[in-house]
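Scroll down for the structure; my scribbles are underneath it.
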Amino acid sequence: MSDNTNDRREELCNRFRQSLSGDSSSQYFDEDELIEIFDYAGDLNDDYLRMEVLLCGARYYPDSVALKQRRALLYHTFGDDLTSKYLQDNANSHGVLWDIARIRNANLMGAEAITALDNILTAYGEFDDEEVIQLVDLASSLGQTDWLLDRLDALRAHVTYLPTLLYEIAVMLEMEQRYGEAIKLLEELTEIEPYNEQYWFMLAQEYDIDDNVAGALQALDLALAILPGDKAMRFYQARLLARDDNGRQQAIEALERLSEDYPDDIDINRFLAALYIECAPDGDEKARKAAAETLLKCFAKNKGNRKLASDLMAIDAAPSEKLIAEVDKADAPGDINGWLLWAGELEALGAYDKAIDILNYCDRKLGYRHPSINEALIVDYFQLEDFAAVCSTFQRPTVGASAATPDVAALVFVAYAISLAKIGRLKEAAEFSKMILKLVVEEGPDDITYALRRLGTGLVLTDIIERCSSRVKTNWAEYDPFGLWLKN
């Protein structure tokens with residue numbers, strides 16, 4: 001369908017929406033316009049608009065066969081019972097959309113479905129766009145996408161506008177991950193309508209999924225030659241270029257232009273900042289500053305955005321306390337689990353100190369120490385080799401019940417035992433290890449016992465006991481049973 005047609009339909013929809021608010025009267029829309037609005041609203045998945053169109057049509061065009069057929073389409077959206085009753089009341093009504101509604105309602109399968117689809121093809125000489133869309137959707141819902149391909153030549157002869165048929169089948173093939181077959185149809189579409197940038201864009205995406213990056217970039221070049229300012233296509237092109245070492249500088253330049261045009265776009269600016277750092281040598285301060293500047297500009301336009309705040313904290317671009325407070329004001333995590341998940345995002349980036357800042361902020365906000373916050377802090381301090389903090393945190397009183405998984409519980413126990421040994425409290429380390437071995441590994445709940453054994457922590461606790469009681473001194477500073485702090 002041409003862009004002009006879609007523009008006209010969008011203008012119709014906007015005028016109709018205005019009529020619903022009382023700015024104008026819906027009686028100024030003729031039957032054909034209401035049909036167009038209904039069909040376009042279906043593309044937008046706007047059931048409210050479709051319902052209003054049908055109510056208007058029933059008032060001004062009660063005898064409209066086309067609008068009655070479309071009522072069956074809407075009833076299908078709300079369930080089989082409504083559709084069945086409506087079809088029973090209109091048993092003598094016939095047409096492509098009526099037949100499609102009846103086949104849908106019958107839930108046919110296998111050979112029966114194929115026969116029913118063939119009967120539609122035989123009974124009607126020509127299908128308009130909406131009939132094509134509904135027929136393709138019907139075939140796919142019946143598991144008969146192959147029927148569409150087997151009958152493609154016959155279908156071509158029945159349609160009033162071939163691109164609609166090819167596009168709808170290509171979409172179904174993509175949904176079924178049949179990318180090679182979708183590509184063939186899209187290639188034909190671009191030959192039929194070489195100045196439709198959306199076909200080139202979709203073809204680029206299919207090439208990409210099919211691991212043809214060169215083809216995807218070429219298709220995007222053609223799409224952007226038609227519509228050079230399109231944001232989505234420009235961003236997609238930059239992401240494709242960024243995958244190849246040879247294209248990363250081009251990607252950065254493209255993203256910089258996008259960032260200038262869309263300084264408030266979170267995805268674009270986060271991607272650009274990440275690429276600055278990824279493409280620079282380790283410790284490159286210039287790259288870090290460029291990333292920080294990009295993120296700070298975007299954060300200024302998206303105050304309190306959690307993703308941007310996490311990125312800024314991860315590269316030390318702004319004080320954590322200030323960023324966390326901004327997030328708390330604008331987009332605060334809803335509960336303890338939300339705060340833990342946010343801290344987990346920083347942990348995944350290796351920014352354990354920033355995760356600790358988030359957890360401590362939550363701790364102060366609550367006014368008490370929750371067990372789950374405590375456990376997360378212990379793990380983070382342990383990762384940072386702050387063993388004194390591990391011990392003091394473990395010993396702090398908490399309020400409430402822990403929701404720790406067996407794996408987390410196991411790690412917390414062992415982290416405390418190791419930390420005691422590392423700060424020289426060997427007797428306590430040995431006694432605690434013996435207690436955990438007895439109460440948890442030997443006699444404890446099966447889930448935690450299993451986790452301790454699976455993670456090998458029982459062996460670590462035994463090793464700690466033996467080392468603490470041995471006359472041979474252990475260099476606890478280098479003790480690293482899990483390989484967490486391997487030095488280069």
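Each chain in the structure tokens gets a letter, A, B and so on, in the order shown; residues start at 1 in every chain, and ligands are counted from 1 in the order they appear.
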
Exercise for the section: Could you give me, as JSON, numbers by chain, the residues within 12 Å of stretch 179-187 of chain A, counting only C-alpha atoms and dropping anything in the same chain fewer than 4 positions from it? Expected result: {"A": [145, 146, 148, 149, 152, 162, 163, 164, 165, 166, 167, 168, 169, 170, 171, 172, 173, 174, 175, 191, 192, 193, 194, 196, 197, 198, 199, 200, 201, 202, 203, 204, 205, 206, 207, 208, 209, 210, 211, 212, 215, 216, 219]}

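Residues within 12 Å of A:Ala111, counting only C-alpha atoms and excluding same-chain residues fewer than 2 positions away, are Leu108, Met109, Ala113, Ile114, Thr115, Ala116, Leu117, Asp118, Leu142, Gly143, Gln144 and Trp147 of chain A.
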
Problem - Distance query stretch 416-418 of chain A at most 9 Å, only C-alpha atoms, self and fewer than 3 positions along chain excluded, as a ChimeraX atom specification - result: /A:378,382,387,390-391,394,411-413,421-423,428-430,432-433,460-461,464,476,479-480

Practice task
Please measure the separation of atom CA of A:Ala139 and atom CA of A:Leu121, giving the value in Å to one decimal.
Solution key: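 Between atom CA of A:Ala139 and atom CA of A:Leu121 the gap works out to 12.0 Å.
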
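Taking atom CA of A:Gln249 and atom CA of A:Asn302 as the two end points, the separation is 27.0 Å.
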
Practice task
Report as a count of residues only: the residues of stretch 108-225 of chain A with a DSSP assignment of alpha helix (DSSP H), based on the backbone of this structure.
Solution key: 94

Exercise for the section: Write out as a PyMOL selection string the residues lying within 8 Å of A:Ala242, counting only C-alpha atoms and excluding same-chain residues fewer than 5 positions away. Expected result: chain A and resi 247-252+275

Could you take the residues named above and write them with N, CA and C atoms, as a compact mmCIF listing (two decimals), in the first residue's frame?
# COMPACT_ATOMS: atom_id res chain seq x y z
N GLY A 247 33.81 -1.26 10.83
CA GLY A 247 32.70 -0.31 10.67
C GLY A 247 32.41 0.50 11.91
N ARG A 248 33.18 0.29 12.98
CA ARG A 248 32.84 0.93 14.25
C ARG A 248 33.02 2.44 14.24
N GLN A 249 34.03 2.90 13.55
CA GLN A 249 34.22 4.35 13.48
C GLN A 249 33.06 4.99 12.72
N GLN A 250 32.61 4.34 11.64
CA GLN A 250 31.44 4.83 10.91
C GLN A 250 30.21 4.82 11.82
N ALA A 251 30.10 3.76 12.63
CA ALA A 251 28.96 3.66 13.55
C ALA A 251 28.98 4.81 14.55
N ILE A 252 30.15 5.10 15.09
CA ILE A 252 30.27 6.19 16.05
C ILE A 252 29.87 7.52 15.41
N LEU A 275 29.80 2.45 22.99
CA LEU A 275 30.72 2.25 21.87
C LEU A 275 31.99 3.09 22.05

Practice task
Write out as a PyMOL selection string which residues come within 7 Å of stretch 41-55 of chain A when counting only C-alpha atoms, dropping same-chain ones fewer than 4 positions away.
Solution key: chain A and resi 34+37+59+67+71

Go ahead and save the residues from that selection, with C-alpha atoms, as a compact mmCIF listing (two decimals), in the first residue's frame.
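Writing done, so here's again_34.txt:
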# COMPACT_ATOMS: atom_id res chain seq x y z
CA LEU A 34 -15.76 4.34 7.56
CA ILE A 37 -10.96 3.86 8.99
CA ARG A 59 -26.48 4.53 12.78
CA LEU A 67 -19.58 -2.95 7.67
CA ARG A 71 -18.43 -6.57 12.70

Exercise for the section: For A:Met233, work out the shell of residues within 8 Å, counting only C-alpha atoms and skipping chain neighbours fewer than 6 positions away, then give it as an MDAnalysis selection string. Expected result: chainID A and resid 201 220 223:224

Prev. selection, N, CA and C atoms, output as a PDB file, in the first residue's frame:
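Saved as result_16.pdb:
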ATOM      1  N   PHE A 201      13.591  -1.464   4.308  1.00  0.00           N
ATOM      2  CA  PHE A 201      13.935  -1.590   5.728  1.00  0.00           C
ATOM      3  C   PHE A 201      13.618  -3.003   6.226  1.00  0.00           C
ATOM      4  N   LEU A 220      19.639  -1.065   3.584  1.00  0.00           N
ATOM      5  CA  LEU A 220      19.459   0.138   4.389  1.00  0.00           C
ATOM      6  C   LEU A 220      19.936   1.388   3.655  1.00  0.00           C
ATOM      7  N   ALA A 223      17.168   2.301   1.461  1.00  0.00           N
ATOM      8  CA  ALA A 223      16.044   2.842   2.229  1.00  0.00           C
ATOM      9  C   ALA A 223      16.329   4.279   2.654  1.00  0.00           C
ATOM     10  N   LEU A 224      17.558   4.524   3.110  1.00  0.00           N
ATOM     11  CA  LEU A 224      17.920   5.861   3.576  1.00  0.00           C
ATOM     12  C   LEU A 224      18.095   6.842   2.421  1.00  0.00           C
TER      13      LEU A 224
END

Exercise for the section: Tell me, in Å to one decimal, how far atom CA of A:Ile356 is from atom CA of A:Ile373. Expected result: 9.5 Å

Exercise for the section: Please provide as a list in words all residues within 10 Å of A:Phe299, with the sequence filter that same-chain residues fewer than 2 positions apart are discarded (counting only C-alpha atoms). Expected result: Pro263, Asp264, Asp265, Ile266, Asn269, Glu293, Thr294, Leu295, Leu296, Lys297, Lys301, Asn302, Lys303, Gly304, Asn305, Arg306, Lys307, Leu308, Ala309, Leu312 and Leu323 of chain A

Can you spit out the residues from that selection as a compact mmCIF listing (two decimals), in the first residue's frame, using N, CA and C atoms?
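Saved to result01.txt:
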# COMPACT_ATOMS: atom_id res chain seq x y z
N PRO A 263 18.88 14.23 21.27
CA PRO A 263 19.64 14.21 22.52
C PRO A 263 18.89 13.57 23.68
N ASP A 264 17.58 13.39 23.53
CA ASP A 264 16.78 12.80 24.61
C ASP A 264 16.53 11.32 24.42
N ASP A 265 17.01 10.74 23.30
CA ASP A 265 16.75 9.32 23.05
C ASP A 265 17.70 8.46 23.89
N ILE A 266 17.15 7.70 24.78
CA ILE A 266 17.95 6.93 25.74
C ILE A 266 18.73 5.82 25.05
N ASN A 269 21.74 7.20 22.83
CA ASN A 269 22.85 7.78 23.59
C ASN A 269 23.55 6.75 24.47
N GLU A 293 29.87 12.68 28.90
CA GLU A 293 29.20 13.86 28.37
C GLU A 293 27.91 13.48 27.65
N THR A 294 27.98 12.42 26.86
CA THR A 294 26.81 11.95 26.12
C THR A 294 25.69 11.53 27.08
N LEU A 295 26.05 10.76 28.09
CA LEU A 295 25.06 10.25 29.03
C LEU A 295 24.48 11.37 29.90
N LEU A 296 25.34 12.30 30.32
CA LEU A 296 24.86 13.39 31.17
C LEU A 296 23.87 14.29 30.43
N LYS A 297 24.13 14.55 29.15
CA LYS A 297 23.20 15.36 28.36
C LYS A 297 21.84 14.66 28.26
N LYS A 301 17.77 15.38 30.20
CA LYS A 301 16.47 15.40 29.54
C LYS A 301 15.58 14.23 29.98
N ASN A 302 16.15 13.32 30.76
CA ASN A 302 15.40 12.16 31.26
C ASN A 302 15.73 11.96 32.74
N LYS A 303 15.46 13.00 33.52
CA LYS A 303 15.82 12.99 34.94
C LYS A 303 15.26 11.74 35.63
N GLY A 304 16.16 11.05 36.32
CA GLY A 304 15.74 9.90 37.09
C GLY A 304 15.66 8.60 36.32
N ASN A 305 16.08 8.59 35.05
CA ASN A 305 16.04 7.34 34.29
C ASN A 305 17.06 6.36 34.87
N ARG A 306 16.59 5.19 35.22
CA ARG A 306 17.42 4.23 35.93
C ARG A 306 18.55 3.68 35.07
N LYS A 307 18.27 3.41 33.80
CA LYS A 307 19.31 2.86 32.92
C LYS A 307 20.46 3.85 32.75
N LEU A 308 20.11 5.11 32.50
CA LEU A 308 21.15 6.14 32.34
C LEU A 308 21.93 6.32 33.64
N ALA A 309 21.22 6.30 34.76
CA ALA A 309 21.90 6.44 36.04
C ALA A 309 22.89 5.30 36.26
N LEU A 312 25.95 5.91 34.12
CA LEU A 312 26.75 7.00 34.66
C LEU A 312 27.55 6.56 35.89
N LEU A 323 22.74 10.61 41.81
CA LEU A 323 22.03 9.86 40.78
C LEU A 323 20.95 8.96 41.39

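Of the residues under consideration (A:Ala254, A:Ile120, A:Leu222, A:Leu437), A:Leu437 shows the shortest atom-to-atom contact distance to A:Asp463 when counting only C-alpha atoms.
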
Problem - Among the residues A:Glu10, A:Glu253, A:Glu466, A:Asp407, the one that comes closest to A:Leu426 [using only C-alpha atoms] - result: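 Result for the nearest residue to A:Leu426: A:Glu466.
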